[in-house]
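Dumped run.pdb below, it's PDB, C-alpha atoms and all ligand atoms:
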ATOM      1  CA  MET D   1     -21.731  48.820   9.089
ATOM      2  CA  PHE D   2     -18.794  51.047   9.705
ATOM      3  CA  ALA D   3     -17.697  48.891  12.608
ATOM      4  CA  LEU D   4     -17.786  45.784  10.435
ATOM      5  CA  ALA D   5     -15.839  47.479   7.654
ATOM      6  CA  LEU D   6     -13.304  48.694  10.167
ATOM      7  CA  ALA D   7     -12.988  45.266  11.745
ATOM      8  CA  LEU D   8     -12.390  43.704   8.354
ATOM      9  CA  VAL D   9      -9.781  46.279   7.423
ATOM     10  CA  THR D  10      -7.991  45.675  10.703
ATOM     11  CA  PHE D  11      -8.175  41.966  10.065
ATOM     12  CA  ALA D  12      -6.892  42.375   6.527
ATOM     13  CA  MET D  13      -3.922  44.371   7.706
ATOM     14  CA  SER D  14      -3.079  41.969  10.500
ATOM     15  CA  ALA D  15      -3.095  39.112   8.017
ATOM     16  CA  ALA D  16      -0.682  40.871   5.695
ATOM     17  CA  PRO D  17       2.669  39.049   6.127
ATOM     18  CA  ALA D  18       3.809  37.276   2.986
ATOM     19  CA  GLU D  19       3.491  33.535   2.884
ATOM     20  CA  ALA D  20       5.319  30.892   0.910
ATOM     21  CA  GLU D  21       2.514  30.317  -1.537
ATOM     22  CA  GLY D  22       2.692  33.835  -2.907
ATOM     23  CA  LYS D  23       2.542  37.489  -2.104
ATOM     24  CA  GLN D  24      -0.533  38.698  -0.340
ATOM     25  CA  THR D  25      -2.358  41.398  -2.184
ATOM     26  CA  ARG D  26      -5.305  41.890   0.063
ATOM     27  CA  LYS D  27      -7.678  44.526  -1.117
ATOM     28  CA  ARG D  28     -10.274  46.459   0.720
ATOM     29  CA  VAL D  29     -12.979  44.444  -1.020
ATOM     30  CA  ALA D  30     -14.765  43.853   2.256
ATOM     31  CA  ILE D  31     -15.690  47.511   2.431
ATOM     32  CA  ALA D  32     -16.926  47.572  -1.136
ATOM     33  CA  ALA D  33     -18.935  44.406  -0.577
ATOM     34  CA  SER D  34     -20.688  45.791   2.469
ATOM     35  CA  ALA D  35     -21.174  49.285   1.079
ATOM     36  CA  LYS D  36     -22.755  47.962  -2.084
ATOM     37  CA  THR D  37     -25.419  46.063  -0.180
ATOM     38  CA  SER D  38     -26.361  48.758   2.309
ATOM     39  CA  SER D  39     -29.223  50.178   0.269
ATOM     40  CA  ASP D  40     -31.028  46.818  -0.138
ATOM     41  CA  ALA D  41     -30.994  46.049   3.551
ATOM     42  CA  PRO D  42     -32.558  48.614   5.812
ATOM     43  CA  LYS D  43     -32.524  46.414   8.916
ATOM     44  CA  ARG D  44     -29.429  44.971  10.481
ATOM     45  CA  ASP D  45     -28.607  41.580   9.018
ATOM     46  CA  ARG D  46     -29.081  38.618  11.330
ATOM     47  CA  SER D  47     -28.396  34.901  11.182
ATOM     48  CA  ILE D  48     -31.045  33.096  13.204
ATOM     49  CA  GLY D  49     -31.010  29.458  14.328
ATOM     50  CA  ALA D  50     -28.820  26.702  12.951
ATOM     51  CA  PRO D  51     -27.509  26.159   9.413
ATOM     52  CA  TRP D  52     -29.803  23.103   9.137
ATOM     53  CA  SER D  53     -32.800  24.799  10.808
ATOM     54  CA  GLY D  54     -32.570  28.537  10.596
ATOM     55  CA  ARG D  55     -33.312  31.702   8.712
ATOM     56  CA  LEU D  56     -31.825  34.969   7.606
ATOM     57  CA  GLN D  57     -32.891  38.576   8.087
ATOM     58  CA  ALA D  58     -31.930  41.684   6.065
ATOM     59  CA  PRO D  59     -29.204  39.759   4.219
ATOM     60  CA  ALA D  60     -26.392  40.915   2.008
ATOM     61  CA  ARG D  61     -25.941  39.434  -1.434
ATOM     62  CA  LEU D  62     -22.908  38.152  -3.289
ATOM     63  CA  ARG D  63     -22.810  39.946  -6.621
ATOM     64  CA  GLY D  64     -21.269  38.682  -9.834
ATOM     65  CA  GLY D  65     -17.781  39.805 -10.796
ATOM     66  CA  ASP D  66     -14.801  39.128 -13.017
ATOM     67  CA  GLY D  67     -13.330  35.661 -12.833
ATOM     68  CA  TYR D  68     -16.192  33.840 -11.156
ATOM     69  CA  HIS D  69     -19.577  32.538 -12.228
ATOM     70  CA  ILE D  70     -22.615  32.580  -9.964
ATOM     71  CA  ARG D  71     -24.634  29.493 -10.817
ATOM     72  CA  ARG D  72     -27.945  30.479  -9.225
ATOM     73  CA  PRO D  73     -28.185  34.202  -8.442
ATOM     74  CA  TRP D  74     -31.365  33.779  -6.421
ATOM     75  CA  ARG D  75     -29.403  31.734  -3.902
ATOM     76  CA  THR D  76     -26.599  34.175  -3.101
ATOM     77  CA  TYR D  77     -27.857  35.683   0.156
ATOM     78  CA  ALA D  78     -25.992  35.517   3.439
ATOM     79  CA  THR D  79     -24.917  37.680   6.336
ATOM     80  CA  ARG D  80     -22.792  40.677   5.396
ATOM     81  CA  THR D  81     -19.876  39.043   7.148
ATOM     82  CA  THR D  82     -20.201  35.825   5.156
ATOM     83  CA  VAL D  83     -20.527  37.751   1.888
ATOM     84  CA  ALA D  84     -17.497  39.912   2.699
ATOM     85  CA  PHE D  85     -15.307  36.910   3.599
ATOM     86  CA  VAL D  86     -16.423  35.007   0.503
ATOM     87  CA  LYS D  87     -15.737  37.953  -1.798
ATOM     88  CA  GLU D  88     -12.365  38.507  -0.204
ATOM     89  CA  ALA D  89     -11.304  34.855  -0.535
ATOM     90  CA  ILE D  90     -12.382  34.782  -4.188
ATOM     91  CA  ASP D  91     -10.571  38.031  -4.976
ATOM     92  CA  ASP D  92      -7.387  37.017  -3.137
ATOM     93  CA  THR D  93      -7.280  33.760  -5.066
ATOM     94  CA  LEU D  94      -7.970  35.326  -8.452
ATOM     95  CA  ASP D  95      -5.368  38.033  -7.765
ATOM     96  CA  ALA D  96      -2.780  35.359  -7.019
ATOM     97  CA  PHE D  97      -3.812  33.224 -10.010
ATOM     98  CA  PRO D  98      -4.818  35.673 -12.739
ATOM     99  CA  LYS D  99      -4.619  32.945 -15.397
ATOM    100  CA  ALA D 100      -6.868  30.514 -13.537
ATOM    101  CA  HIS D 101     -10.078  29.495 -15.273
ATOM    102  CA  VAL D 102     -13.406  30.938 -14.160
ATOM    103  CA  LEU D 103     -14.479  29.776 -10.685
ATOM    104  CA  ALA D 104     -17.937  28.257 -10.103
ATOM    105  CA  ILE D 105     -19.861  29.734  -7.189
ATOM    106  CA  GLY D 106     -22.691  27.564  -5.866
ATOM    107  CA  ASP D 107     -25.391  28.294  -3.339
ATOM    108  CA  LEU D 108     -25.284  30.452  -0.248
ATOM    109  CA  SER D 109     -28.828  30.907   1.143
ATOM    110  CA  GLN D 110     -32.169  32.161  -0.132
ATOM    111  CA  GLU D 111     -33.199  35.725   0.668
ATOM    112  CA  ALA D 112     -35.088  34.848   3.852
ATOM    113  CA  GLY D 113     -33.027  31.742   4.545
ATOM    114  CA  GLY D 114     -34.888  28.607   5.572
ATOM    115  CA  TRP D 115     -35.142  25.283   3.770
ATOM    116  CA  ILE D 116     -33.433  25.148   0.402
ATOM    117  CA  SER D 117     -33.570  22.208  -2.023
ATOM    118  CA  GLU D 118     -30.490  20.008  -2.552
ATOM    119  CA  HIS D 119     -28.988  20.949   0.809
ATOM    120  CA  ALA D 120     -29.245  19.834   4.408
ATOM    121  CA  SER D 121     -27.927  23.212   5.591
ATOM    122  CA  HIS D 122     -27.467  26.606   3.877
ATOM    123  CA  GLN D 123     -30.459  27.937   5.853
ATOM    124  CA  SER D 124     -29.004  30.766   7.929
ATOM    125  CA  GLY D 125     -26.567  32.669   5.720
ATOM    126  CA  ARG D 126     -23.442  30.944   7.024
ATOM    127  CA  ASP D 127     -22.725  28.438   4.238
ATOM    128  CA  VAL D 128     -21.319  28.663   0.743
ATOM    129  CA  ASP D 129     -20.468  26.048  -1.893
ATOM    130  CA  ILE D 130     -17.619  26.865  -4.267
ATOM    131  CA  GLY D 131     -16.228  24.816  -7.150
ATOM    132  CA  LEU D 132     -12.614  23.716  -7.503
ATOM    133  CA  PHE D 133      -9.793  24.764  -9.785
ATOM    134  CA  PHE D 134      -8.590  22.329 -12.427
ATOM    135  CA  LYS D 135      -5.413  22.111 -14.466
ATOM    136  CA  LYS D 136      -7.707  22.246 -17.488
ATOM    137  CA  LYS D 137     -11.270  23.534 -17.152
ATOM    138  CA  PRO D 138     -13.528  20.484 -17.521
ATOM    139  CA  GLU D 139     -16.490  20.379 -19.846
ATOM    140  CA  GLY D 140     -19.702  21.539 -18.175
ATOM    141  CA  TYR D 141     -17.873  23.701 -15.617
ATOM    142  CA  PRO D 142     -18.690  26.330 -14.232
ATOM    143  CA  ALA D 143     -22.404  25.744 -14.980
ATOM    144  CA  LYS D 144     -22.000  22.521 -12.975
ATOM    145  CA  PHE D 145     -19.605  21.386 -10.286
ATOM    146  CA  ILE D 146     -17.254  18.692 -11.611
ATOM    147  CA  ARG D 147     -15.465  16.061  -9.523
ATOM    148  CA  ALA D 148     -11.729  16.478  -9.256
ATOM    149  CA  THR D 149      -9.070  13.798  -8.914
ATOM    150  CA  SER D 150      -5.451  13.981  -7.831
ATOM    151  CA  THR D 151      -4.491  14.362 -11.493
ATOM    152  CA  THR D 152      -7.093  16.939 -12.579
ATOM    153  CA  LEU D 153      -7.082  19.218  -9.523
ATOM    154  CA  ASP D 154      -5.127  22.472  -9.725
ATOM    155  CA  ALA D 155      -3.740  22.073  -6.232
ATOM    156  CA  ALA D 156      -1.933  25.426  -6.143
ATOM    157  CA  ALA D 157      -5.003  27.557  -6.885
ATOM    158  CA  THR D 158      -7.338  25.398  -4.818
ATOM    159  CA  TRP D 159      -4.923  25.539  -1.867
ATOM    160  CA  LYS D 160      -4.928  29.314  -2.146
ATOM    161  CA  LEU D 161      -8.728  29.396  -2.076
ATOM    162  CA  VAL D 162      -8.952  27.073   0.930
ATOM    163  CA  SER D 163      -6.215  28.863   2.863
ATOM    164  CA  SER D 164      -7.829  32.259   2.176
ATOM    165  CA  PHE D 165     -10.928  30.990   3.966
ATOM    166  CA  ALA D 166      -8.956  29.244   6.706
ATOM    167  CA  ARG D 167      -7.154  32.425   7.696
ATOM    168  CA  THR D 168     -10.486  33.947   8.839
ATOM    169  CA  GLN D 169     -11.009  31.236  11.482
ATOM    170  CA  ASP D 170     -10.182  33.462  14.465
ATOM    171  CA  ASP D 171     -12.323  36.381  13.282
ATOM    172  CA  ASP D 172     -15.854  37.082  14.440
ATOM    173  CA  GLY D 173     -18.031  35.116  12.013
ATOM    174  CA  GLY D 174     -14.943  33.607  10.335
ATOM    175  CA  ALA D 175     -14.640  30.141   8.806
ATOM    176  CA  GLN D 176     -15.560  27.302  11.150
ATOM    177  CA  PHE D 177     -15.295  24.320   8.780
ATOM    178  CA  ILE D 178     -14.302  23.671   5.199
ATOM    179  CA  PHE D 179     -15.873  20.434   4.020
ATOM    180  CA  LEU D 180     -13.928  18.583   1.338
ATOM    181  CA  ASP D 181     -13.388  14.956   0.395
ATOM    182  CA  GLU D 182     -10.420  13.585   2.346
ATOM    183  CA  ARG D 183      -8.624  12.377  -0.794
ATOM    184  CA  LEU D 184      -8.569  15.915  -2.126
ATOM    185  CA  GLN D 185      -7.534  17.252   1.294
ATOM    186  CA  HIS D 186      -4.541  14.955   1.022
ATOM    187  CA  VAL D 187      -3.694  16.264  -2.457
ATOM    188  CA  LEU D 188      -3.787  19.848  -1.173
ATOM    189  CA  VAL D 189      -1.713  19.232   1.924
ATOM    190  CA  SER D 190       0.881  17.251  -0.037
ATOM    191  CA  TRP D 191       1.112  20.117  -2.491
ATOM    192  CA  ALA D 192       1.593  22.600   0.353
ATOM    193  CA  GLU D 193       4.325  20.488   1.959
ATOM    194  CA  LYS D 194       6.178  20.118  -1.332
ATOM    195  CA  ASN D 195       5.912  23.829  -2.010
ATOM    196  CA  LYS D 196       7.334  24.959   1.307
ATOM    197  CA  VAL D 197       4.178  26.435   2.758
ATOM    198  CA  SER D 198       4.919  26.977   6.441
ATOM    199  CA  GLU D 199       3.861  24.289   8.902
ATOM    200  CA  LYS D 200       1.910  26.919  10.779
ATOM    201  CA  ARG D 201      -0.149  27.755   7.694
ATOM    202  CA  ILE D 202      -0.724  24.079   6.897
ATOM    203  CA  ARG D 203      -1.950  23.438  10.442
ATOM    204  CA  GLN D 204      -4.236  26.471  10.210
ATOM    205  CA  VAL D 205      -5.867  24.966   7.127
ATOM    206  CA  GLN D 206      -6.068  21.483   8.637
ATOM    207  CA  ARG D 207      -7.830  22.816  11.732
ATOM    208  CA  VAL D 208     -10.902  23.699   9.669
ATOM    209  CA  LEU D 209     -10.829  20.988   6.957
ATOM    210  CA  ARG D 210     -13.425  18.244   7.480
ATOM    211  CA  HIS D 211     -14.149  15.198   5.381
ATOM    212  CA  GLU D 212     -17.648  15.038   3.963
ATOM    213  CA  PRO D 213     -18.982  12.514   1.439
ATOM    214  CA  ASN D 214     -20.056  13.995  -1.905
ATOM    215  CA  HIS D 215     -17.586  16.861  -1.583
ATOM    216  CA  ALA D 216     -15.101  15.888  -4.281
ATOM    217  CA  ASP D 217     -16.517  18.474  -6.694
ATOM    218  CA  HIS D 218     -16.701  21.535  -4.435
ATOM    219  CA  ILE D 219     -15.750  22.959  -1.066
ATOM    220  CA  HIS D 220     -18.441  23.895   1.424
ATOM    221  CA  VAL D 221     -17.423  26.627   3.844
ATOM    222  CA  ARG D 222     -19.386  27.004   7.089
ATOM    223  CA  PHE D 223     -18.928  30.255   8.977
ATOM    224  CA  LYS D 224     -19.225  30.730  12.755
ATOM    225  CA  CYS D 225     -21.994  32.650  14.487
ATOM    226  CA  ARG D 226     -21.058  36.299  14.970
ATOM    227  CA  ASP D 227     -20.970  37.582  18.531
ATOM    228  CA  ARG D 228     -23.868  39.934  17.878
ATOM    229  CA  ASP D 229     -26.150  37.213  16.473
ATOM    230  CA  THR D 230     -27.417  36.092  19.835
ATOM    231  CA  SER D 231     -30.025  33.696  18.411
ATOM    232  CA  CYS D 232     -27.558  32.091  16.021
ATOM    233  CA  ARG D 233     -26.698  28.487  16.801
TER     234      ARG D 233
HETATM  235 ZN    ZN Z   1     -22.987  22.996   0.720
END
Just dump the structure as C-alpha cells.
Ligand SMILES: [Zn+2]
Amino acid sequence: MFALALALVTFAMSAAPAEAEGKQTRKRVAIAASAKTSSDAPKRDRSIGAPWSGRLQAPARLRGGDGYHIRRPWRTYATRTTVAFVKEAIDDTLDAFPKAHVLAIGDLSQEAGGWISEHASHQSGRDVDIGLFFKKKPEGYPAKFIRATSTTLDAAATWKLVSSFARTQDDDGGAQFIFLDERLQHVLVSWAEKNKVSEKRIRQVQRVLRHEPNHADHIHVRFKCRDRDTSCR
C-alpha cells in the first residue's frame, strides 16, 4: 500500500511540468483513494487473467465525489492502481475545468470480476468507461451516455480527460489503450493542434488512442497489467 502510494506520488511529481492546455494542479488524490479502500480489502488486490476472461481479487472501489456521477455503483470495482489513476484523471480534469458539467462514470468491474453484462471485457479490474464532455449537457446525461459529434463535443475538457489518462502510459499498471471513435479522435487532435498543445503531448495521446465501433458516446480506458500481477494477461 505504502509502496503504491509512494510510487504514485513520485509519478505525480515527475509529471508536474506545465503544459499548453493549462496549469497542472495534481493533487495527492491517489493516496486518499488507496487509503480509503484499505479497510474493505484485507488481502492484496490482484487482477487475474485477461480483461475478456478474468477476475478480480480484494479490489478497490471508485467512490462517488463532486463533479462526477457514478451510473451503477455496484460496478465500480477494480485494482487499486486502476481506481487511483481513474480518480486522479477525473480530479485533474475537473480542477482544470471547474465549470464543466457533471461527468458520467460508467462501469469498471464487479466485485469479484468475471463476466459482466453489456461488455466483452471489464472482467479483471483494468477497464473503465467514462462519458464525454459536451458544450451543453445533453438531455439524459449523465444517467446515460450520449453520442457526441464534432459540434456538440467539448473538445477542450475531453482532451484534458484523455491526456490525463495518456500520461500514465509508462507507469506500472498505467493506461494501455483509450478506445474512442476515430471521428472524435480527429476532433480532439485538431483541437490540440489549434490550441498549441505540444507535439510531444499530442503524440503521447495518439500512442494509446484506438478506434472502436460504438465508442462515440464514451471513452473506454484499458490499463496494463501491473508487474506484481503475475497471472494477469
Ligand atoms: Zn467499456
| request: Please give me, as a PyMOL selection string, the residues lying within 12 Å of ligand ZN 1 (chain Z) when counting all atoms listed in the file. | output: chain D and resi 51-52+75+105-109+116-123+125-131+145+177-180+212-223
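Atom CA of D:Gln169 sits 21.4 Å away from atom CA of D:Arg61.
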| task | Determine the nearest neighbour of D:Arg55 from the options D:Ala112, D:Val162, D:Ala100, D:Ile90, counting all atoms listed in the file. | result | D:Ala112
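Selecting by distance to (-2.6, 15.6, -5.4) with a limit of 8 Å and using all atoms listed in the file, one obtains Thr149, Ser150, Thr151, Leu153, Ala155, Leu184, His186, Val187, Leu188, Ser190 and Trp191 of chain D.
Among D:Leu56, D:Tyr141, D:Cys225, D:Ala148, the residue with the shortest atom-to-atom distance to D:Asp170, counting only C-alpha atoms, is D:Cys225.
Evaluating the PyMOL selection byres (((chain D and resi 93) around 8) and not hetatm) against the shown model yields Ala89, Ile90, Asp91, Asp92, Leu94, Asp95, Ala96, Phe97, Ala157, Lys160, Leu161 and Ser164 of chain D.
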Could those residues be written to a file, using C-alpha atoms, as a tab-separated table (two decimals), in the frame of the given file?
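Here's the written file result-v3.tsv:
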chain	number	residue	atom	x	y	z
D	89	ALA	CA	-11.30	34.85	-0.54
D	90	ILE	CA	-12.38	34.78	-4.19
D	91	ASP	CA	-10.57	38.03	-4.98
D	92	ASP	CA	-7.39	37.02	-3.14
D	94	LEU	CA	-7.97	35.33	-8.45
D	95	ASP	CA	-5.37	38.03	-7.76
D	96	ALA	CA	-2.78	35.36	-7.02
D	97	PHE	CA	-3.81	33.22	-10.01
D	157	ALA	CA	-5.00	27.56	-6.88
D	160	LYS	CA	-4.93	29.31	-2.15
D	161	LEU	CA	-8.73	29.40	-2.08
D	164	SER	CA	-7.83	32.26	2.18
What are the centre and edge lengths in Å, to one decimal, of the axis-aligned box around all listed atoms of stretch 193-197 of chain D with 6 Å added on each side, as lines of an AutoDock Vina configuration file?
center_x = 5.8
center_y = 23.3
center_z = 0.4
size_x = 15.2
size_y = 18.3
size_z = 16.8
| request: Find the residues around D:Gly54 up to 9 Å (all atoms listed in the file counted), leave out those fewer than 4 positions away in its own chain, and share them as JSON, numbers by chain. | output: {"D": [47, 48, 49, 50, 113, 114, 115, 121, 122, 123, 124, 125, 232, 233]}
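Among D:Trp159, D:Arg226, D:Phe133, D:Asp181, the residue with the shortest atom-to-atom distance to D:Glu193, counting all atoms listed in the file, is D:Trp159.
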